[in-house]
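Here's data.cif, which has mmCIF, C-alpha atoms and all ligand atoms:
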```
data_input
loop_
_atom_site.label_atom_id
_atom_site.label_comp_id
_atom_site.auth_asym_id
_atom_site.auth_seq_id
_atom_site.Cartn_x
_atom_site.Cartn_y
_atom_site.Cartn_z
CA MET A 27 165.57 106.10 53.77
CA LYS A 28 167.79 103.67 55.69
CA THR A 29 167.00 102.22 59.12
CA ARG A 30 168.90 99.95 61.50
CA ALA A 31 166.83 96.95 62.44
CA ALA A 32 167.02 93.51 64.04
CA VAL A 33 165.79 91.11 61.36
CA ALA A 34 164.47 87.57 61.83
CA PHE A 35 165.78 86.03 58.60
CA ALA A 36 164.75 82.48 59.55
CA ALA A 37 162.96 80.63 62.36
CA LYS A 38 164.99 79.55 65.42
CA GLN A 39 167.91 81.83 64.45
CA PRO A 40 169.24 84.84 66.36
CA LEU A 41 168.10 88.20 64.99
CA GLU A 42 170.61 89.96 62.74
CA ILE A 43 171.30 93.68 62.99
CA VAL A 44 171.37 95.15 59.48
CA GLU A 45 170.61 98.37 57.65
CA LEU A 46 167.30 98.13 55.78
CA ASP A 47 165.70 100.28 53.12
CA LEU A 48 162.45 101.82 54.31
CA GLU A 49 159.93 103.47 52.00
CA GLY A 50 158.14 106.56 53.30
CA PRO A 51 154.52 106.64 54.45
CA LYS A 52 151.76 106.33 51.83
CA THR A 53 148.18 107.60 52.18
CA GLY A 54 146.90 107.09 55.73
CA GLU A 55 150.35 106.02 56.96
CA VAL A 56 152.87 107.47 59.38
CA LEU A 57 156.66 107.24 59.72
CA VAL A 58 157.65 106.75 63.36
CA GLU A 59 161.11 106.91 64.92
CA ILE A 60 161.08 104.15 67.52
CA MET A 61 162.88 105.33 70.66
CA ALA A 62 162.48 102.16 72.73
CA THR A 63 160.93 98.71 72.43
CA GLY A 64 160.22 95.94 74.89
CA ILE A 65 160.81 92.27 74.11
CA CYS A 66 157.62 90.27 74.77
CA HIS A 67 157.35 86.50 74.95
CA THR A 68 155.22 86.66 71.79
CA ASP A 69 158.29 87.94 69.88
CA ALA A 70 160.24 84.94 71.19
CA TYR A 71 157.45 82.56 70.22
CA THR A 72 157.45 83.93 66.66
CA ARG A 73 161.26 83.99 66.40
CA ASP A 74 161.29 80.36 67.54
CA GLY A 75 158.96 79.34 64.69
CA LEU A 76 156.00 78.56 66.98
CA ASP A 77 153.49 81.06 65.53
CA SER A 78 151.23 79.62 62.85
CA GLU A 79 151.13 83.10 61.28
CA GLY A 80 154.91 83.63 61.58
CA LEU A 81 156.64 84.93 58.46
CA PHE A 82 160.33 85.18 57.58
CA PRO A 83 162.23 87.34 56.93
CA SER A 84 160.55 89.93 59.12
CA VAL A 85 161.18 92.76 61.56
CA LEU A 86 159.64 91.59 64.84
CA GLY A 87 158.73 93.78 67.85
CA HIS A 88 155.33 95.12 68.87
CA GLU A 89 155.92 96.89 72.22
CA GLY A 90 157.35 100.27 71.27
CA ALA A 91 157.21 103.99 71.85
CA GLY A 92 158.46 106.73 69.56
CA ILE A 93 158.02 110.02 67.76
CA VAL A 94 156.10 110.77 64.57
CA ARG A 95 158.57 111.99 61.93
CA GLU A 96 156.43 112.20 58.77
CA VAL A 97 152.79 111.68 57.83
CA GLY A 98 151.31 110.47 54.54
CA ALA A 99 148.42 112.07 52.68
CA GLY A 100 145.12 112.22 54.54
CA VAL A 101 146.55 111.68 58.03
CA THR A 102 144.74 113.91 60.52
CA SER A 103 145.10 112.44 64.02
CA VAL A 104 148.89 112.78 64.48
CA THR A 105 151.52 115.28 63.31
CA PRO A 106 155.33 115.24 63.24
CA GLY A 107 156.74 115.54 66.75
CA ASP A 108 153.86 113.72 68.45
CA HIS A 109 154.83 110.97 70.90
CA VAL A 110 153.10 107.70 70.08
CA ILE A 111 152.73 104.04 71.02
CA PRO A 112 152.22 101.63 68.09
CA LEU A 113 149.12 99.43 68.36
CA TYR A 114 149.05 95.82 67.20
CA THR A 115 145.34 96.02 67.93
CA PRO A 116 144.37 99.18 66.07
CA GLU A 117 141.20 101.18 66.59
CA CYS A 118 139.57 102.44 63.38
CA ARG A 119 136.27 103.39 65.09
CA GLN A 120 134.43 102.50 61.87
CA CYS A 121 134.46 98.71 61.36
CA LYS A 122 131.74 96.34 62.60
CA MET A 123 133.94 95.22 65.51
CA CYS A 124 134.74 98.76 66.69
CA LEU A 125 131.12 99.88 66.30
CA SER A 126 129.80 96.82 68.19
CA GLY A 127 131.03 98.19 71.49
CA LYS A 128 131.60 94.52 72.45
CA THR A 129 135.27 94.01 71.55
CA ASN A 130 138.60 95.72 70.98
CA LEU A 131 139.39 93.43 68.03
CA CYS A 132 139.28 96.03 65.24
CA SER A 133 139.03 94.24 61.89
CA ALA A 134 140.02 97.13 59.59
CA ILE A 135 143.52 95.87 58.75
CA ARG A 136 143.78 92.48 60.52
CA GLU A 137 144.01 90.47 57.29
CA THR A 138 146.97 92.34 55.76
CA GLN A 139 148.60 92.64 59.20
CA GLY A 140 148.61 88.83 59.48
CA LYS A 141 150.27 88.62 56.04
CA GLY A 142 153.11 90.91 57.14
CA VAL A 143 152.19 93.79 54.84
CA MET A 144 150.64 97.24 55.01
CA PRO A 145 146.93 97.66 54.17
CA ASP A 146 147.75 98.21 50.47
CA GLY A 147 149.32 94.71 50.36
CA THR A 148 152.97 95.81 50.15
CA SER A 149 155.84 96.06 52.61
CA ARG A 150 157.80 99.24 53.32
CA PHE A 151 160.92 97.26 54.37
CA SER A 152 163.50 95.68 52.06
CA TYR A 153 167.07 94.41 52.28
CA LYS A 154 169.31 94.30 49.22
CA GLY A 155 166.15 94.29 47.07
CA GLN A 156 164.48 91.45 49.02
CA THR A 157 161.12 92.17 50.71
CA ILE A 158 161.16 92.03 54.52
CA HIS A 159 157.80 91.50 56.26
CA HIS A 160 156.21 93.72 58.87
CA TYR A 161 155.16 92.02 62.15
CA MET A 162 151.90 92.53 64.02
CA GLY A 163 151.60 95.78 62.08
CA CYS A 164 154.33 97.32 64.27
CA SER A 165 157.92 96.08 63.63
CA THR A 166 159.35 98.00 66.56
CA PHE A 167 162.73 96.23 66.35
CA SER A 168 163.57 98.87 63.73
CA ASN A 169 164.75 102.40 64.51
CA PHE A 170 162.19 103.69 62.00
CA THR A 171 158.94 102.00 61.00
CA VAL A 172 155.77 102.81 59.09
CA LEU A 173 152.28 102.20 60.51
CA PRO A 174 148.72 103.02 59.55
CA GLU A 175 147.37 106.08 61.38
CA ILE A 176 144.70 103.94 63.09
CA ALA A 177 147.48 101.93 64.75
CA LEU A 178 148.97 104.81 66.73
CA ALA A 179 147.99 106.04 70.19
CA LYS A 180 149.12 109.62 70.82
CA ILE A 181 150.55 109.92 74.34
CA ARG A 182 151.74 112.71 76.64
CA GLU A 183 155.28 113.93 76.03
CA ASP A 184 156.61 113.69 79.57
CA ALA A 185 156.34 109.87 79.67
CA PRO A 186 159.81 108.28 79.33
CA PHE A 187 160.06 106.13 76.20
CA HIS A 188 161.98 103.25 77.80
CA THR A 189 159.17 102.58 80.30
CA ALA A 190 156.12 103.80 78.37
CA CYS A 191 156.90 101.34 75.56
CA TYR A 192 155.82 98.50 77.90
CA ILE A 193 152.28 99.92 77.73
CA GLY A 194 152.34 98.91 74.04
CA CYS A 195 151.77 95.31 75.15
CA GLY A 196 152.63 93.87 78.58
CA VAL A 197 151.17 96.47 80.91
CA THR A 198 147.95 97.01 78.97
CA THR A 199 147.48 93.28 78.38
CA GLY A 200 147.86 92.36 82.06
CA VAL A 201 146.08 95.27 83.70
CA GLY A 202 143.40 95.38 80.98
CA ALA A 203 142.65 91.66 81.31
CA VAL A 204 141.63 92.39 84.91
CA THR A 205 139.84 95.71 84.44
CA ASN A 206 138.29 95.34 80.96
CA THR A 207 137.91 91.61 80.34
CA ALA A 208 137.30 90.06 83.77
CA GLN A 209 136.09 93.26 85.44
CA VAL A 210 137.34 92.01 88.80
CA LYS A 211 135.46 93.57 91.72
CA PRO A 212 136.64 94.39 95.26
CA GLY A 213 136.75 91.22 97.36
CA ASP A 214 137.16 88.80 94.43
CA ASN A 215 139.78 86.05 94.68
CA VAL A 216 142.20 85.90 91.75
CA VAL A 217 144.76 83.30 90.62
CA VAL A 218 147.55 84.20 88.19
CA PHE A 219 149.47 81.42 86.43
CA GLY A 220 152.87 82.68 85.21
CA LEU A 221 154.43 85.69 86.93
CA GLY A 222 156.38 87.12 83.99
CA GLY A 223 156.04 90.34 82.06
CA ILE A 224 152.29 89.83 81.66
CA GLY A 225 151.38 87.98 84.87
CA LEU A 226 152.90 90.62 87.17
CA ASN A 227 150.72 93.20 85.44
CA VAL A 228 147.68 91.01 86.09
CA VAL A 229 148.75 90.96 89.75
CA GLN A 230 149.02 94.74 89.93
CA GLY A 231 145.71 95.10 88.05
CA ALA A 232 144.04 92.78 90.57
CA ARG A 233 145.41 94.80 93.46
CA MET A 234 144.16 98.01 91.83
CA ALA A 235 140.71 96.42 91.40
CA GLY A 236 140.59 95.62 95.13
CA ALA A 237 140.90 91.83 94.89
CA ASP A 238 141.09 89.99 98.21
CA ARG A 239 143.43 87.01 97.73
CA ILE A 240 145.79 87.21 94.75
CA VAL A 241 147.46 83.82 94.31
CA GLY A 242 150.47 83.54 92.00
CA VAL A 243 151.64 80.24 90.47
CA ASP A 244 155.08 79.93 88.91
CA LEU A 245 157.78 77.27 88.50
CA ASN A 246 160.45 79.90 89.13
CA GLN A 247 160.79 80.43 92.91
CA ASP A 248 162.33 83.90 92.34
CA LYS A 249 158.89 85.06 91.17
CA LYS A 250 157.55 84.86 94.74
CA THR A 251 159.30 88.09 95.73
CA TRP A 252 158.35 89.71 92.43
CA GLY A 253 154.67 88.83 92.86
CA GLU A 254 154.61 90.06 96.45
CA HIS A 255 156.01 93.42 95.35
CA PHE A 256 152.98 93.98 93.10
CA GLY A 257 150.30 92.74 95.51
CA MET A 258 150.32 88.92 95.40
CA THR A 259 149.13 87.47 98.73
CA ASP A 260 149.95 83.77 98.22
CA PHE A 261 152.45 81.85 96.08
CA ILE A 262 152.36 78.28 94.78
CA ASN A 263 155.34 76.61 93.12
CA PRO A 264 154.03 73.55 91.23
CA ARG A 265 157.38 71.85 91.88
CA ASP A 266 156.41 71.67 95.58
CA THR A 267 152.66 71.23 95.09
CA PRO A 268 151.82 68.26 92.89
CA ASP A 269 148.05 68.94 92.75
CA VAL A 270 147.87 72.67 92.08
CA VAL A 271 144.13 72.64 91.36
CA ALA A 272 143.26 70.92 94.65
CA ALA A 273 145.55 73.28 96.55
CA ILE A 274 143.82 76.36 95.10
CA VAL A 275 140.31 74.99 95.61
CA GLU A 276 141.21 74.35 99.26
CA MET A 277 142.98 77.68 99.73
CA LEU A 278 140.13 79.76 98.26
CA ASP A 279 137.15 77.94 99.80
CA GLY A 280 135.97 76.35 96.53
CA GLY A 281 138.20 78.07 94.01
CA ALA A 282 139.01 81.28 92.18
CA ASP A 283 136.49 83.89 91.13
CA TYR A 284 138.89 84.69 88.29
CA SER A 285 142.01 82.95 87.02
CA PHE A 286 144.41 84.07 84.31
CA ASP A 287 146.79 81.99 82.22
CA CYS A 288 149.92 83.99 81.48
CA THR A 289 152.13 81.03 80.47
CA GLY A 290 150.91 79.94 77.01
CA ASN A 291 151.08 76.31 78.23
CA THR A 292 147.86 74.45 77.37
CA ASP A 293 148.16 72.08 80.37
CA VAL A 294 148.36 75.12 82.63
CA MET A 295 145.32 76.61 80.86
CA ARG A 296 143.37 73.52 81.92
CA GLN A 297 144.49 73.93 85.53
CA ALA A 298 143.50 77.59 85.39
CA LEU A 299 139.98 76.66 84.32
CA GLU A 300 139.60 73.78 86.77
CA CYS A 301 140.76 75.83 89.80
CA CYS A 302 137.81 78.19 89.28
CA HIS A 303 134.88 78.22 91.68
CA LYS A 304 131.95 76.01 90.70
CA GLY A 305 128.93 77.99 89.50
CA TRP A 306 130.66 81.23 88.51
CA GLY A 307 134.47 81.12 88.31
CA THR A 308 135.89 82.53 85.08
CA SER A 309 139.26 81.68 83.59
CA ILE A 310 140.84 84.05 81.11
CA ILE A 311 143.45 82.88 78.63
CA ILE A 312 146.12 85.47 77.91
CA GLY A 313 149.00 83.14 77.00
CA VAL A 314 149.63 82.42 73.35
CA ALA A 315 150.09 78.70 72.71
CA GLU A 316 152.36 77.06 70.16
CA ALA A 317 150.94 76.33 66.71
CA GLY A 318 148.94 73.09 66.75
CA LYS A 319 148.24 73.04 70.50
CA THR A 320 144.65 72.73 71.72
CA ILE A 321 142.96 73.11 75.12
CA GLU A 322 141.07 70.31 76.86
CA THR A 323 138.81 69.88 79.83
CA ARG A 324 135.80 67.79 80.81
CA PRO A 325 132.66 69.54 79.49
CA PHE A 326 131.30 68.96 83.02
CA GLN A 327 133.60 71.78 84.16
CA LEU A 328 131.54 74.20 82.04
CA VAL A 329 128.21 72.49 82.72
CA THR A 330 128.86 73.21 86.37
CA GLY A 331 129.22 76.91 85.78
CA ARG A 332 132.87 77.64 85.10
CA ASN A 333 133.53 79.99 82.19
CA TRP A 334 136.43 79.95 79.73
CA ARG A 335 137.35 83.21 78.01
CA GLY A 336 140.32 84.87 76.33
CA THR A 337 141.65 88.33 75.81
CA ALA A 338 143.94 90.15 73.37
CA PHE A 339 145.71 93.37 74.38
CA GLY A 340 143.73 93.27 77.62
CA GLY A 341 140.52 94.16 75.82
CA ALA A 342 141.88 97.70 75.42
CA LYS A 343 140.79 100.01 72.62
CA GLY A 344 144.23 101.36 71.86
CA ARG A 345 143.76 104.95 70.74
CA THR A 346 141.23 105.57 73.51
CA ASP A 347 142.62 103.55 76.42
CA VAL A 348 146.42 103.63 75.99
CA PRO A 349 146.77 107.39 76.72
CA LYS A 350 144.76 106.78 79.92
CA ILE A 351 147.06 103.94 80.98
CA VAL A 352 150.05 106.24 80.39
CA ASP A 353 148.32 108.69 82.78
CA TRP A 354 147.85 105.92 85.37
CA TYR A 355 151.58 105.25 85.17
CA MET A 356 152.61 108.90 85.34
CA ASP A 357 150.18 109.48 88.25
CA GLY A 358 151.64 106.52 90.19
CA LYS A 359 148.50 104.34 90.03
CA ILE A 360 150.47 101.54 88.39
CA GLN A 361 154.17 100.72 88.52
CA ILE A 362 156.34 100.02 85.50
CA ASP A 363 159.91 100.99 86.40
CA PRO A 364 160.77 97.98 88.62
CA MET A 365 159.67 95.57 85.88
CA ILE A 366 162.15 97.00 83.36
CA THR A 367 164.99 94.82 84.60
CA HIS A 368 167.33 95.24 81.62
CA VAL A 369 167.95 98.12 79.21
CA LEU A 370 169.89 97.00 76.12
CA LYS A 371 171.28 98.42 72.89
CA LEU A 372 169.95 97.11 69.58
CA ASP A 373 173.17 95.10 69.08
CA GLU A 374 172.37 93.25 72.33
CA ILE A 375 168.77 92.33 71.43
CA ASN A 376 169.42 88.56 71.34
CA LYS A 377 170.63 88.77 74.94
CA GLY A 378 167.11 90.04 75.79
CA PHE A 379 165.63 86.78 74.46
CA ASP A 380 168.18 84.74 76.45
CA LEU A 381 167.34 86.64 79.66
CA MET A 382 163.64 85.93 79.11
CA HIS A 383 164.19 82.21 78.53
CA SER A 384 166.44 81.86 81.57
CA GLY A 385 163.87 83.62 83.77
CA GLU A 386 166.38 86.34 84.79
CA SER A 387 164.44 89.29 83.35
CA ILE A 388 160.92 90.56 83.74
CA ARG A 389 161.14 92.93 80.77
CA SER A 390 164.18 93.76 78.66
CA VAL A 391 163.87 97.01 76.73
CA VAL A 392 165.99 98.02 73.76
CA VAL A 393 166.73 101.74 73.45
CA PHE A 394 167.79 103.16 70.09
P1 LIG B 401 157.42 85.59 80.34
O1 LIG B 401 158.37 84.65 79.75
O2 LIG B 401 157.89 86.92 80.82
O3 LIG B 401 156.63 84.92 81.57
C1 LIG B 401 156.15 83.62 81.57
C2 LIG B 401 156.12 83.14 83.03
O4 LIG B 401 155.44 81.89 83.08
C3 LIG B 401 157.51 82.93 83.61
O5 LIG B 401 157.60 83.53 84.89
C4 LIG B 401 157.62 81.40 83.71
O6 LIG B 401 158.44 80.98 84.79
C5 LIG B 401 156.17 81.02 83.93
N1 LIG B 401 155.85 79.65 83.54
C6 LIG B 401 156.21 78.99 82.43
N2 LIG B 401 155.70 77.73 82.43
C7 LIG B 401 154.98 77.61 83.56
C8 LIG B 401 154.22 76.55 84.14
N3 LIG B 401 154.10 75.38 83.51
N4 LIG B 401 153.62 76.78 85.31
C9 LIG B 401 153.75 77.98 85.95
N5 LIG B 401 154.47 79.01 85.46
C10 LIG B 401 155.08 78.82 84.29
O7 LIG B 401 156.29 85.82 79.22
P2 LIG B 401 155.27 87.05 79.08
O8 LIG B 401 155.88 88.10 78.23
O9 LIG B 401 154.75 87.37 80.42
O10 LIG B 401 154.12 86.36 78.20
C11 LIG B 401 153.30 85.36 78.78
C12 LIG B 401 152.37 84.78 77.74
O11 LIG B 401 151.42 85.77 77.33
C13 LIG B 401 153.06 84.35 76.45
O12 LIG B 401 152.44 83.18 75.96
C14 LIG B 401 152.79 85.52 75.49
O13 LIG B 401 152.87 85.12 74.14
C15 LIG B 401 151.39 85.87 75.91
N6 LIG B 401 150.89 87.22 75.60
C16 LIG B 401 149.59 87.34 75.21
C17 LIG B 401 149.05 88.59 74.97
C18 LIG B 401 147.62 88.73 74.58
O14 LIG B 401 147.21 89.82 74.15
N7 LIG B 401 146.79 87.71 74.74
C19 LIG B 401 149.86 89.72 75.10
C20 LIG B 401 151.18 89.55 75.50
C21 LIG B 401 151.69 88.29 75.75
N1 LIG B 402 149.26 84.69 65.42
C1 LIG B 402 148.96 83.72 66.45
C2 LIG B 402 148.27 84.28 67.63
C3 LIG B 402 149.07 85.36 68.31
C4 LIG B 402 148.15 86.11 69.22
O1 LIG B 402 147.17 85.56 69.74
N2 LIG B 402 148.46 87.36 69.43
C5 LIG B 402 147.70 88.20 70.37
C6 LIG B 402 148.60 89.26 70.85
S1 LIG B 402 150.02 88.62 71.68
C7 LIG B 402 150.87 90.03 72.05
O2 LIG B 402 151.98 89.73 72.71
C8 LIG B 402 146.53 88.88 69.68
O3 LIG B 402 146.38 90.08 69.66
N3 LIG B 402 145.65 88.08 69.15
C9 LIG B 402 144.50 88.58 68.41
C10 LIG B 402 144.82 88.70 66.95
O4 LIG B 402 143.95 89.15 66.21
O5 LIG B 402 145.94 88.32 66.55
C11 LIG B 402 148.24 82.51 65.90
O6 LIG B 402 148.01 81.60 66.69
O7 LIG B 402 147.95 82.51 64.70
ZN ZN B 403 153.29 91.21 73.47
#
```

In structure tokens, how does this file's structure come out?
Ligand code: NAD
Ligand code: AHE
Ligand code: ZN
Amino acid sequence: MKTRAAVAFAAKQPLEIVELDLEGPKTGEVLVEIMATGICHTDAYTRDGLDSEGLFPSVLGHEGAGIVREVGAGVTSVTPGDHVIPLYTPECRQCKMCLSGKTNLCSAIRETQGKGVMPDGTSRFSYKGQTIHHYMGCSTFSNFTVLPEIALAKIREDAPFHTACYIGCGVTTGVGAVTNTAQVKPGDNVVVFGLGGIGLNVVQGARMAGADRIVGVDLNQDKKTWGEHFGMTDFINPRDTPDVVAAIVEMLDGGADYSFDCTGNTDVMRQALECCHKGWGTSIIIGVAEAGKTIETRPFQLVTGRNWRGTAFGGAKGRTDVPKIVDWYMDGKIQIDPMITHVLKLDEINKGFDLMHSGESIRSVVVF
């Protein structure tokens, strides 16, 4: 079949809207009509050639929602007509990682996913006979895409696609980092570096968990109002506060119980660790850093009881947890609608990247 898609033909170039050839689903695979997709900073980072795993040409996008249109042989967990959210962190429930009960990092298809192909080693997308790679196993910047069955969370049908798609990455990553990874408890003090599409979801997750002080740090002064809307109690703009670490340690009587990096900047990651309370403070890295970047701190920071951790997809087990997060949204426990600041057509997708880089958007969503 044919599908309209935004293709990244080369690094640092705008996406091009073209009609691709798409092969149907093979054994264990599912054809999904994508109804809406968010644009996450990770898509921008890959488009800009900063991902060490980045492949071109490819169909980017990993924050979608859609409808199952066809299933391949052996598929049992979804049927045509089901509403689904694609999962870049699948959940096979059979691999060592899934069975460990210690992580959401399912290993069933990670290797082929990183090579931009389906588990059988081939791509379903092509353009004028040339192979086009899949991305993060999702490729939601295409009106139709093919995914393995284990990479689909079935969701309730009354959830609107243009908001529910955000649960495919940003919402689950931010809220899950607080509830699954950090397991913030009532009364804890939390610091969030970067109040964008992920950081604001950390803020609302911290409020839901009953955190006491929720301090937001961002270079963009407009983010103060945004953070306050979702539960932030204090705001620091590093442009006005030269020593951010000292300011936080002073403000929180020794430092944060939990801090979260949602910037992808490795210097900020260091600040996030060093603003943690001596003896127990834990810093969680969410941000994805450019290829080649490394984190640094004095080992003494860890010797004296601070902890450095990271999280992918908020520690969520997609097929199990994503339908529950959709319920939280539909039941009003978490907010999504105000964060969808721009709804675009596929032809306007590059504008979504511009809005992100200029700091004007929280989330841009493309509807098909
Ligand atoms: P975004 O562009 O919406 O937000 C980034 C925010 O950080 C902006 O508000 C920006 O002003 C702020 N910022 C940038 N530099 C800063 C600095 N030096 N100090 C303070 N604030 C600064 O991006 P996003 O979609 O929220 O993504 C944030 C990061 O999280 C990215 O690196 C993305 O790749 C990563 N991410 C990781 C996961 C995961 O599973 N670990 C999932 C999604 C996104
Ligand atoms: N491919 C990159 C790393 C990118 C990365 O860390 N991705 C996150 C999700 S970001 C979503 O917006 C992730 O899930 N990581 C775990 C994994 O297995 O990829 C690199 O540096 O090579
Ligand atoms: Zn993402």

Identify, on the basis of all atoms listed in the file, every residue whose closest approach to Val33 (chain A) does not exceed 8 Å; exclude the query and any residue fewer than 6 positions from it along the same chain; express the result as a list of chain:residue names.
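Selected residues are A:Leu41, A:Glu42, A:Ile43, A:Val44, A:Pro83, A:Ser84, A:Val85, A:Leu86, A:Phe167.
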
Could you make a table, as a Markdown table, of the residues of chain A that have an atom within 9 Å of an atom of ligand ZN 403 (chain B), each with its nearest atom pair and distance in Å to one decimal, counting all atoms listed in the file, in chain and number order?
```
| residue | atom | partner | partner_atom | distance |
| --- | --- | --- | --- | --- |
| A:Gly64 | CA | B:ZN403 | ZN | 8.5 |
| A:Ile65 | CA | B:ZN403 | ZN | 7.6 |
| A:Cys66 | CA | B:ZN403 | ZN | 4.6 |
| A:His67 | CA | B:ZN403 | ZN | 6.4 |
| A:Thr68 | CA | B:ZN403 | ZN | 5.2 |
| A:Asp69 | CA | B:ZN403 | ZN | 7.0 |
| A:Gly87 | CA | B:ZN403 | ZN | 8.2 |
| A:His88 | CA | B:ZN403 | ZN | 6.4 |
| A:Glu89 | CA | B:ZN403 | ZN | 6.4 |
| A:Tyr114 | CA | B:ZN403 | ZN | 8.9 |
| A:Tyr192 | CA | B:ZN403 | ZN | 8.9 |
| A:Gly194 | CA | B:ZN403 | ZN | 7.8 |
| A:Cys195 | CA | B:ZN403 | ZN | 4.7 |
| A:Gly196 | CA | B:ZN403 | ZN | 5.8 |
| A:Thr199 | CA | B:ZN403 | ZN | 7.9 |
| A:Ile224 | CA | B:ZN403 | ZN | 8.4 |
| A:Phe339 | CA | B:ZN403 | ZN | 7.9 |
```

Please write out the residues within 8 Å of ligand LIG 401 (chain B) as JSON, numbers by chain, counting all atoms listed in the file.
{"A": [65, 66, 67, 68, 69, 70, 71, 195, 196, 199, 200, 219, 220, 221, 222, 223, 224, 225, 226, 243, 244, 245, 246, 249, 263, 264, 287, 288, 289, 290, 291, 293, 294, 311, 312, 313, 314, 315, 336, 337, 338, 339, 340, 382, 383, 385, 387, 388, 389]}

Using all atoms listed in the file, can you tell me which of A:Ile60, A:Cys132, A:Ala34, A:Ala342 comes closest to Thr207 (chain A)?
A:Ala342

For each of A:Arg239, A:Arg265, A:Lys154, A:Arg136, take the minimum atom-to-atom distance to ligand LIG 402 (chain B), counting only C-alpha atoms and all ligand atoms, then give the residue where this is smallest.
A:Arg136

Region 58-95 of chain A from the block above: C-alpha atoms written as a PDB file, in the first residue's frame:
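Saved to result.pdb:
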```pdb
ATOM      1  CA  VAL A  58      -1.648   0.688  12.326  1.00  0.00           C
ATOM      2  CA  GLU A  59      -3.259   3.833  10.932  1.00  0.00           C
ATOM      3  CA  ILE A  60      -1.632   6.648  12.893  1.00  0.00           C
ATOM      4  CA  MET A  61      -4.248   9.288  13.740  1.00  0.00           C
ATOM      5  CA  ALA A  62      -1.969  11.702  15.610  1.00  0.00           C
ATOM      6  CA  THR A  63       1.665  12.000  16.660  1.00  0.00           C
ATOM      7  CA  GLY A  64       3.530  14.289  19.005  1.00  0.00           C
ATOM      8  CA  ILE A  65       6.943  15.750  18.204  1.00  0.00           C
ATOM      9  CA  CYS A  66       9.388  14.967  21.026  1.00  0.00           C
ATOM     10  CA  HIS A  67      12.806  16.530  21.513  1.00  0.00           C
ATOM     11  CA  THR A  68      14.301  13.089  20.824  1.00  0.00           C
ATOM     12  CA  ASP A  69      12.957  13.309  17.240  1.00  0.00           C
ATOM     13  CA  ALA A  70      14.690  16.685  16.892  1.00  0.00           C
ATOM     14  CA  TYR A  71      17.918  15.293  18.319  1.00  0.00           C
ATOM     15  CA  THR A  72      17.880  12.459  15.771  1.00  0.00           C
ATOM     16  CA  ARG A  73      16.874  14.720  12.864  1.00  0.00           C
ATOM     17  CA  ASP A  74      19.758  17.017  13.802  1.00  0.00           C
ATOM     18  CA  GLY A  75      22.267  14.148  13.518  1.00  0.00           C
ATOM     19  CA  LEU A  76      23.010  14.031  17.268  1.00  0.00           C
ATOM     20  CA  ASP A  77      21.918  10.424  17.941  1.00  0.00           C
ATOM     21  CA  SER A  78      24.739   7.886  17.753  1.00  0.00           C
ATOM     22  CA  GLU A  79      22.154   5.337  16.574  1.00  0.00           C
ATOM     23  CA  GLY A  80      20.547   7.735  14.056  1.00  0.00           C
ATOM     24  CA  LEU A  81      19.946   6.311  10.588  1.00  0.00           C
ATOM     25  CA  PHE A  82      19.008   8.025   7.324  1.00  0.00           C
ATOM     26  CA  PRO A  83      16.765   7.906   5.420  1.00  0.00           C
ATOM     27  CA  SER A  84      14.151   7.096   8.029  1.00  0.00           C
ATOM     28  CA  VAL A  85      10.611   7.832   9.159  1.00  0.00           C
ATOM     29  CA  LEU A  86      10.984   9.418  12.604  1.00  0.00           C
ATOM     30  CA  GLY A  87       8.249   9.794  15.257  1.00  0.00           C
ATOM     31  CA  HIS A  88       7.621   7.679  18.335  1.00  0.00           C
ATOM     32  CA  GLU A  89       4.742   9.416  20.177  1.00  0.00           C
ATOM     33  CA  GLY A  90       1.620   8.284  18.338  1.00  0.00           C
ATOM     34  CA  ALA A  91      -1.888   6.959  18.681  1.00  0.00           C
ATOM     35  CA  GLY A  92      -3.927   5.138  16.073  1.00  0.00           C
ATOM     36  CA  ILE A  93      -6.170   2.301  14.987  1.00  0.00           C
ATOM     37  CA  VAL A  94      -5.259  -1.275  14.100  1.00  0.00           C
ATOM     38  CA  ARG A  95      -6.148  -1.878  10.443  1.00  0.00           C
TER      39      ARG A  95
END
```
